[in-house]
Amino acid sequence: MRLKRWVAAGSALLKQGLPGYCAFCLAPLEGDASWCSECFEQLPWNRPACPCCGDQLTNDHHFLCGHCLSKRPAFEAAYVALRYEFPVNALVRDFKFNARPRAGMLLCELMQQSLPSPPFDAILPVPMTPERARDRGFNQAHWLAFELAKRSGLPVLEARRLKQGPSQRRLNRQARFANLAGAFVIDKPPPAYVAIVDDVVTTGATAHALALALRRAGAQRVDVWAAARTPLVVDDA
């Protein structure tokens, strides 16, 4: 089964960035495809998922997840094609921490699998504070947004991050939402329908804070467009 070869082949290929070969199993390809049909079918597709936040659902009979039934976020829907599982998590890490263009291009192609029709009026990448941007030297959300804009023809909006706060990585869901309250501002009136672009959605706290800022600035609808979704932990509610 080709899926079993991902562990051995995936990391090596991302580093090589070879065109003409499947990005996941190294099988030769014809034409301009980035993956073979078998690997594409076996990717961890985010189905079934909550139509609001994109969190994984156990079956198709639930319309919303428990978190969204209890308190819906400020955004309307999350278009997240994949789950943050292998080999997608390896792809995201290679892009985020090594800034490899090949990995970013693959993520953009996969994100386009979840683009709604009709599409958004504009997209807005999750911003960093200038200090965090200087420390990291790379903003993966900005890179994805501008590459997606070239592919889709959508304009890119900008937001300012007023405060960074402690890292979200070790905070539970409630603390993440509190940490980001009032963190963003939109200086120019946005169009009616805006999508927030990021690489990974975890609790949706960042998107919620940005959606509130967009709505205050005049947006009528805000959605989320991301590559992968990590599963929420029930105890974080």
# chains A, B, ... in the order shown; residues from 1 in each chain; ligands from 1

call {"tool": "residues_around", "arguments": {"residues": "stretch 184-188 of chain A", "least_positions_apart": "3", "cutoff": "9 Å", "atoms": "only C-alpha atoms", "output": "list in words"}}
result
Pro127, Leu157, Glu158, Ala159, Arg160, Arg161, Leu162, Lys163, Leu180, Ala181, Ala209, Leu210, Leu212, Ala213, Leu214, Arg216 and Ala217 of chain A

call {"tool": "write_last_selection", "arguments": {"atoms": "N, CA, C and O atoms", "output": "short mmCIF file (atom, residue, chain, number, x, y, z; two decimals), in the first residue's frame"}}
result
data_model
loop_
_atom_site.label_atom_id
_atom_site.label_comp_id
_atom_site.auth_asym_id
_atom_site.auth_seq_id
_atom_site.Cartn_x
_atom_site.Cartn_y
_atom_site.Cartn_z
N PRO A 127 -1.97 38.08 11.01
CA PRO A 127 -0.75 38.88 11.15
C PRO A 127 0.05 38.52 12.41
O PRO A 127 -0.47 37.91 13.35
N LEU A 157 -6.05 41.60 2.05
CA LEU A 157 -6.20 42.67 3.02
C LEU A 157 -5.13 42.54 4.10
O LEU A 157 -4.47 41.51 4.24
N GLU A 158 -4.97 43.59 4.89
CA GLU A 158 -3.99 43.59 5.98
C GLU A 158 -4.69 43.93 7.29
O GLU A 158 -5.62 44.74 7.32
N ALA A 159 -4.22 43.30 8.36
CA ALA A 159 -4.66 43.63 9.71
C ALA A 159 -3.42 43.91 10.56
O ALA A 159 -2.33 43.41 10.25
N ARG A 160 -3.59 44.70 11.58
CA ARG A 160 -2.49 44.95 12.52
C ARG A 160 -2.74 44.17 13.80
O ARG A 160 -3.85 44.13 14.31
N ARG A 161 -1.67 43.58 14.28
CA ARG A 161 -1.75 42.89 15.56
C ARG A 161 -1.24 43.83 16.64
O ARG A 161 -0.07 44.22 16.65
N LEU A 162 -2.12 44.20 17.56
CA LEU A 162 -1.78 45.19 18.57
C LEU A 162 -0.99 44.58 19.72
O LEU A 162 -0.20 45.26 20.37
N LYS A 163 -1.23 43.31 20.00
CA LYS A 163 -0.51 42.66 21.09
C LYS A 163 -0.28 41.20 20.73
O LYS A 163 -1.08 40.59 20.04
N LEU A 180 -6.34 36.54 23.18
CA LEU A 180 -6.41 37.27 21.92
C LEU A 180 -7.50 38.34 21.88
O LEU A 180 -7.72 38.96 20.84
N ALA A 181 -8.17 38.55 22.98
CA ALA A 181 -9.23 39.57 23.01
C ALA A 181 -8.65 40.94 22.68
O ALA A 181 -7.70 41.40 23.31
N ALA A 209 -10.94 36.20 16.95
CA ALA A 209 -10.53 37.57 17.26
C ALA A 209 -10.42 38.41 15.99
O ALA A 209 -10.82 39.58 15.97
N LEU A 210 -9.88 37.83 14.93
CA LEU A 210 -9.77 38.56 13.67
C LEU A 210 -11.15 38.81 13.06
O LEU A 210 -11.40 39.88 12.49
N LEU A 212 -13.95 39.23 14.65
CA LEU A 212 -14.56 40.34 15.39
C LEU A 212 -14.05 41.68 14.89
O LEU A 212 -14.82 42.63 14.71
N ALA A 213 -12.73 41.77 14.64
CA ALA A 213 -12.15 43.01 14.14
C ALA A 213 -12.68 43.34 12.74
O ALA A 213 -12.98 44.50 12.44
N LEU A 214 -12.82 42.32 11.90
CA LEU A 214 -13.35 42.53 10.55
C LEU A 214 -14.80 43.00 10.59
O LEU A 214 -15.21 43.89 9.84
N ARG A 216 -16.28 44.58 13.05
CA ARG A 216 -16.30 45.96 13.56
C ARG A 216 -15.94 46.95 12.46
O ARG A 216 -16.42 48.08 12.44
N ALA A 217 -15.08 46.50 11.53
CA ALA A 217 -14.66 47.39 10.44
C ALA A 217 -15.66 47.43 9.29
O ALA A 217 -15.51 48.24 8.37
#

call {"tool": "select_by_dssp", "arguments": {"residues": "stretch 3-234 of chain A", "states": "strand (DSSP E)", "output": "PyMOL selection string"}}
result
chain A and resi 78-83+122-125+160-161+184-185+193-201+221-229

call {"tool": "closest_residue", "arguments": {"among": "A:Ala99, A:Ala226, A:Leu115, A:Cys25", "to": "A:Asn139", "atoms": "only C-alpha atoms"}}
result
A:Ala99

call {"tool": "atom_distance", "arguments": {"atom1": "atom CA of A:Val156", "atom2": "atom CA of A:Ile123"}}
result
5.1 Å

call {"tool": "atom_distance", "arguments": {"atom1": "atom CA of A:Met111", "atom2": "atom CA of A:Pro87"}}
result
14.9 Å

call {"tool": "select_by_dssp", "arguments": {"residues": "stretch 62-119 of chain A", "states": "helix (DSSP H, G or I)", "output": "PyMOL selection string"}}
result
chain A and resi 66-70+88-98+101-114

call {"tool": "residues_around", "arguments": {"residues": "A:Gln112", "least_positions_apart": "2", "cutoff": "12 Å", "atoms": "only C-alpha atoms", "output": "list in words"}}
result
Tyr79, Val80, Ala81, Leu82, Met105, Leu106, Leu107, Cys108, Glu109, Leu110, Ser114, Leu115, Pro116, Ser117, Pro119, Leu144, Ala145, Glu147, Leu148, Ala149, Arg151, Ser152, Val197, Trp225, Ala226 and Ala227 of chain A

call {"tool": "atom_distance", "arguments": {"atom1": "atom CA of A:Phe95", "atom2": "atom CA of A:Ala23"}}
result
13.6 Å

call {"tool": "residues_around", "arguments": {"residues": "stretch 43-55 of chain A", "least_positions_apart": "2", "cutoff": "10 Å", "atoms": "only C-alpha atoms", "output": "PyMOL selection string"}}
result
chain A and resi 3+24+38-41+57-69+72-88+201-204+207-208+223-232
